Every structure is written in structure tokens, then in C-alpha cells.
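Structure file start.txt (compact mmCIF, C-alpha atoms) is printed below.
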# COMPACT_ATOMS: atom_id res chain seq x y z
CA MET G 1 16.98 -83.98 10.68
CA LYS G 2 20.54 -84.05 12.07
CA VAL G 3 23.36 -84.05 9.52
CA LEU G 4 27.15 -83.93 9.69
CA LEU G 5 28.63 -81.18 7.51
CA THR G 6 31.42 -82.41 5.24
CA SER G 7 32.22 -78.87 4.03
CA ASP G 8 31.91 -75.36 5.39
CA VAL G 9 28.42 -74.06 4.54
CA ASP G 10 27.74 -70.32 4.82
CA LYS G 11 25.29 -69.38 7.55
CA LEU G 12 24.94 -73.01 8.61
CA GLY G 13 28.21 -74.33 10.03
CA TRP G 14 31.75 -75.58 9.59
CA LEU G 15 33.07 -78.91 8.42
CA GLY G 16 32.47 -81.51 11.12
CA ASP G 17 29.57 -79.69 12.78
CA VAL G 18 26.40 -81.64 13.48
CA VAL G 19 23.45 -79.39 12.66
CA GLU G 20 19.69 -79.74 12.76
CA VAL G 21 18.05 -78.83 9.43
CA ALA G 22 14.74 -79.43 7.70
CA GLY G 23 14.48 -82.88 6.15
CA GLY G 24 13.84 -81.55 2.64
CA PHE G 25 16.83 -79.21 2.81
CA ALA G 26 19.03 -82.08 3.95
CA ARG G 27 17.82 -84.58 1.32
CA ASN G 28 17.40 -82.21 -1.62
CA TYR G 29 20.44 -80.01 -1.15
CA LEU G 30 23.01 -80.88 1.51
CA LEU G 31 23.21 -84.65 0.92
CA ARG G 32 22.89 -84.43 -2.88
CA ALA G 33 25.58 -81.74 -3.16
CA GLY G 34 27.91 -83.76 -0.91
CA LEU G 35 27.96 -81.00 1.72
CA ALA G 36 26.67 -83.30 4.47
CA GLN G 37 26.27 -86.93 5.56
CA PRO G 38 23.87 -88.55 7.99
CA ALA G 39 25.06 -87.81 11.54
CA THR G 40 26.08 -91.33 12.57
CA LYS G 41 28.78 -92.11 15.14
CA GLU G 42 30.94 -93.71 12.43
CA ASN G 43 30.73 -90.66 10.18
CA ILE G 44 31.50 -88.30 13.07
CA ARG G 45 34.58 -90.35 14.05
CA ALA G 46 35.78 -90.55 10.45
CA ILE G 47 35.68 -86.80 9.95
CA ALA G 48 37.15 -85.77 13.34
CA ALA G 49 40.76 -85.49 12.10
CA GLU G 50 39.75 -83.48 9.06
CA LYS G 51 37.64 -81.21 11.29
CA GLY G 52 40.69 -80.32 13.42
CA HIS G 53 42.82 -79.69 10.33
CA LYS G 54 40.15 -77.47 8.78
CA ALA G 55 39.77 -75.50 12.03
CA GLN G 56 43.51 -74.87 12.06
CA GLN G 57 43.37 -73.69 8.42
CA ARG G 58 40.51 -71.29 9.25
CA HIS G 59 42.52 -69.91 12.17
CA LEU G 60 45.60 -69.35 9.99
CA GLN G 61 43.47 -67.71 7.28
CA ARG G 62 41.83 -65.42 9.84
CA THR G 63 45.23 -64.41 11.25
CA ARG G 64 46.48 -63.64 7.75
CA LEU G 65 43.37 -61.56 6.96
CA GLU G 66 43.72 -59.61 10.22
CA LYS G 67 47.35 -58.83 9.35
CA VAL G 68 46.43 -57.67 5.83
CA ALA G 69 43.55 -55.56 7.17
CA GLY G 70 45.86 -53.87 9.66
CA GLN G 71 48.47 -53.12 7.01
CA VAL G 72 46.06 -51.82 4.37
CA GLN G 73 44.26 -49.53 6.86
CA THR G 74 46.91 -46.83 6.28
CA ALA G 75 47.06 -47.32 2.50
CA GLU G 76 46.15 -44.79 -0.13
CA ALA G 77 45.31 -45.78 -3.68
CA VAL G 78 45.98 -43.06 -6.26
CA ILE G 79 44.26 -43.69 -9.56
CA ALA G 80 44.56 -41.50 -12.65
CA ALA G 81 41.48 -41.38 -14.86
CA ALA G 82 40.24 -39.33 -17.81
CA ALA G 83 38.03 -36.49 -16.57
CA ASN G 84 36.55 -33.21 -17.81
CA GLU G 85 37.25 -29.76 -16.33
CA GLN G 86 34.43 -30.13 -13.78
CA GLY G 87 35.95 -33.31 -12.39
CA HIS G 88 33.48 -35.80 -13.86
CA LEU G 89 35.14 -38.97 -15.05
CA PHE G 90 34.54 -40.11 -18.61
CA GLY G 91 34.30 -43.63 -17.25
CA SER G 92 34.39 -44.75 -13.65
CA VAL G 93 36.75 -46.31 -11.13
CA GLY G 94 35.55 -49.68 -9.90
CA ARG G 95 36.57 -52.43 -7.49
CA HIS G 96 39.06 -54.00 -9.88
CA ALA G 97 41.04 -50.78 -10.38
CA ILE G 98 41.20 -50.14 -6.63
CA ALA G 99 42.24 -53.71 -5.78
CA GLU G 100 44.80 -53.72 -8.61
CA ASN G 101 46.35 -50.49 -7.31
CA LEU G 102 46.58 -51.93 -3.78
CA ARG G 103 48.11 -55.16 -5.11
CA ALA G 104 50.71 -53.11 -6.98
CA GLN G 105 51.63 -51.57 -3.61
CA GLY G 106 52.17 -55.06 -2.18
CA PHE G 107 48.89 -55.64 -0.33
CA GLU G 108 47.08 -58.99 -0.67
CA VAL G 109 43.70 -57.60 -1.72
CA SER G 110 41.31 -59.39 -4.06
CA ASP G 111 38.63 -57.60 -6.07
CA ASP G 112 35.80 -59.16 -4.07
CA VAL G 113 36.79 -57.53 -0.74
CA VAL G 114 36.35 -53.99 -2.14
CA ARG G 115 32.90 -52.67 -1.20
CA LEU G 116 31.49 -49.88 -3.37
CA VAL G 117 27.86 -48.79 -3.38
CA GLU G 118 28.53 -47.62 -6.93
CA ASN G 119 31.64 -46.99 -8.99
CA ILE G 120 33.49 -43.72 -8.39
CA LYS G 121 32.58 -41.16 -11.06
CA GLU G 122 34.24 -37.99 -9.72
CA VAL G 123 37.83 -36.91 -9.10
CA GLY G 124 38.73 -36.40 -5.46
CA THR G 125 39.40 -38.36 -2.31
CA HIS G 126 36.96 -41.13 -1.45
CA GLU G 127 36.82 -43.50 1.52
CA VAL G 128 36.35 -47.12 0.46
CA THR G 129 35.66 -50.08 2.75
CA LEU G 130 37.44 -53.39 2.31
CA GLU G 131 35.49 -56.28 3.85
CA PHE G 132 37.76 -59.26 4.49
CA ALA G 133 35.17 -61.07 6.63
CA ALA G 134 31.78 -60.18 8.06
CA ASP G 135 33.43 -58.74 11.18
CA LEU G 136 36.78 -57.67 9.68
CA THR G 137 36.91 -54.48 7.64
CA ALA G 138 39.41 -51.77 6.76
CA THR G 139 38.98 -48.34 5.23
CA VAL G 140 41.34 -46.97 2.60
CA LYS G 141 41.59 -43.62 0.87
CA VAL G 142 41.17 -43.68 -2.88
CA VAL G 143 42.39 -40.52 -4.59
CA VAL G 144 41.12 -40.19 -8.14
CA VAL G 145 43.08 -37.61 -10.12
CA PRO G 146 42.75 -36.39 -13.71
CA GLU G 147 45.18 -38.22 -16.03
CA ASP G 148 47.24 -35.16 -16.81
CA ALA G 149 47.36 -33.74 -13.25
CA ASP G 150 50.31 -33.72 -10.86
CA VAL G 151 49.21 -35.93 -7.93
CA GLU G 152 50.82 -33.90 -5.13
CA GLN G 153 49.58 -30.61 -6.54
CA PHE G 154 46.08 -32.08 -6.91
CA LYS G 155 46.06 -33.27 -3.26
CA ALA G 156 47.25 -29.85 -2.02
CA THR G 157 44.57 -28.07 -4.05
CA GLU G 158 41.90 -30.45 -2.76
CA GLN G 159 42.95 -29.89 0.88
CA THR G 160 42.96 -26.12 0.41
CA THR G 161 39.50 -26.24 -1.14
CA ALA G 162 38.15 -28.44 1.66
CA ALA G 163 39.62 -26.14 4.32
CA GLY G 164 38.08 -23.10 2.60
CA GLN G 165 34.65 -24.72 2.52
CA SER G 166 34.76 -25.55 6.23
CA ASP G 167 35.80 -21.95 7.02
CA GLU G 168 32.82 -20.65 5.02
CA HIS G 169 30.43 -22.78 7.06
CA GLN G 170 31.92 -21.50 10.32
CA ASP G 171 31.66 -17.84 9.26
CA GLN G 172 27.96 -18.02 8.43
CA PRO G 173 25.73 -16.54 11.13
CA LYS G 174 23.61 -19.02 13.00
CA THR G 175 19.90 -18.45 12.75
CA GLN G 176 17.49 -19.33 15.47
CA LYS G 177 14.05 -20.66 14.93
CA THR G 178 11.37 -18.82 16.79
CA GLU G 179 8.01 -20.23 17.50
CA PRO G 180 4.93 -18.18 16.65
CA GLY G 181 3.76 -16.18 19.62
CA GLU G 182 7.20 -15.72 21.20

Could the structure of this file be written out as C-alpha cells, please?
Amino acid sequence: MKVLLTSDVDKLGWLGDVVEVAGGFARNYLLRAGLAQPATKENIRAIAAEKGHKAQQRHLQRTRLEKVAGQVQTAEAVIAAAANEQGHLFGSVGRHAIAENLRAQGFEVSDDVVRLVENIKEVGTHEVTLEFAADLTATVKVVVVPEDADVEQFKATEQTTAAGQSDEHQDQPKTQKTEPGE
């Protein structure tokens, strides 16, 4: 069944698009929810102006998101949290805390763009992805420091430790596997 979308519908189409869908989906969901109308010439003509306006709004929104993604790419969120001596947090740092820190720095970032597999539970530097759209992402550094630590001193210590660990891996002799009978 062909229907005219009266709203943007995820994974289906934009306002003003004529799409082919199953009859039951059209009758039971799209038409009842007011997301679509029958695809008649009158309906298509009536929605044409709104379709152009909505397309322009989507373009402006996309441009704004691209600008924000470019700006936030170089950002670093520093978050102080209660932790024990081993660096385990007593709680965790989640999407809200990261987005709030970025907003405090002047970036237009909502909580729902922050993508975490799970909340951060250790002090240190973590890379976090911000997904503004399916094909528009940015990566920011999130530095979680103990509440009572000096941020710059903590970063310097962390860099020194990371450099020392990479030197250790380079100094280890490389072993070769030999096959039996060689």
C-alpha cells in the first residue's frame, strides 16, 4: 500500500515521501498514529510546501550538528570522582556527567549522543564516542581523576606510566615459534 508520510519516520522516510508499506502496517500504525495519509494527488499537493520547509530544517540541523561535532572533536572532559588507592571508583561516571562537563565547556551536547558500552569505573583517560547522527560521530577524551588529586599532576603521572609500559614491551625479547621437526 502506498502512503504519504506526514512526519519523519525512522528507517522509513521523511515527511512528504511516498512509500510502499504493508497494508496492515499502514492501517494499524501509520494512519492511526497520524504519521501518514493515503497517497492521493490532493494530499501530495497539500503537503508539498511543508515538505520543502522540513527539508530545509533538516539541512540546517545537519549543518549545526557537523559544526558541533567538529568543535567537540578536540575537547577533553575532566571529571573528578571518589576513588580508592587502586583507582577504582566508588561509583561510576556515566553519560550525563560527561555531557554535563562538555556543556559546561560551551559545547551543545545532549546526554543521548554520548555512547558508552558501560559506565566508566576506573580513573584514567578514556576515549568516548559521541554519535550525533548515524554517520556523524566524534571522539572525546574523558579524564577521570580522584577527587583529591591535582589534575595536571595526575595527567603527567599517567603519561609517564603509559610510556614506561610501552618501553617494557619493546625491551622484551621476541620469541619465535618453532614447528616440531625443524

statement: Judged by all atoms listed in the file, the minimum distance to Ala97 in chain G among G:Ala134, G:Ala48, G:Ile120, G:Leu30 is found for G:Ile120

- request: To one decimal in Å, tell me the separation between CA of Glu127 in chain G and CA of Lys141 in chain G.
  value: 4.8 Å

field: For Leu15 in chain G, the nearest of the candidates G:Arg45, G:Lys54, G:Arg32, G:Arg27, counting all atoms listed in the file
entry: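 Between G:Arg45, G:Lys54, G:Arg32, G:Arg27, the residue approaching Leu15 in chain G most closely is G:Lys54.
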
- prompt: Can you list, as a ChimeraX atom specification, every protein, DNA or RNA residue that comes within 12 Å of His88 in chain G when you count all atoms listed in the file, leaving out same-chain residues fewer than 4 positions away?
  reply: /G:81-84,92-93,120-124,144-146

query: So which one's closest to Ala39 in chain G, G:Leu65, G:Gln71, G:Asp112, G:Leu5? Using only C-alpha atoms, please.
result: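 Looking at the shortest contact to Ala39 in chain G, the residue is G:Leu5.
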
- request: Considering all atoms listed in the file, state which residue in the set G:Glu76, G:Glu85, G:Glu118, G:Glu147 is at the smallest distance from Ile98 in chain G.
  value: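 Selected residue with least distance to Ile98 in chain G: G:Glu76.
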
- prompt: Which one of G:Val68, G:Ile79, G:Leu60, G:Leu35 sits closest to Val9 in chain G if you count only C-alpha atoms?
  reply: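 Looking only at the distances to Val9 in chain G, the closest residue turns out to be G:Leu35.
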
task: Have a look at G:Ala149, G:Val78, G:Ala55, G:Val109 and name the one nearest to Thr125 in chain G; count all atoms listed in the file.
output: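 Among G:Ala149, G:Val78, G:Ala55, G:Val109, it is G:Val78 that comes nearest to Thr125 in chain G.
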
query: Rounded to one decimal in Å, what is the spacing between CA of Val142 in chain G and CA of Val128 in chain G?
result: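 Rounded to one decimal, the two atoms are 6.8 Å apart.
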
- request: For CA of Phe107 in chain G and CA of Gln61 in chain G, quote the distance in Å rounded to one decimal.
  value: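 Going from CA of Phe107 in chain G over to CA of Gln61 in chain G, I get 15.3 Å.
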
- request: Give me the residues within 10 Å of Trp14 in chain G as a ChimeraX atom specification, counting only C-alpha atoms and dropping any in the same chain fewer than 3 places off.
  value: /G:4-11,17-19,51,54-55,58
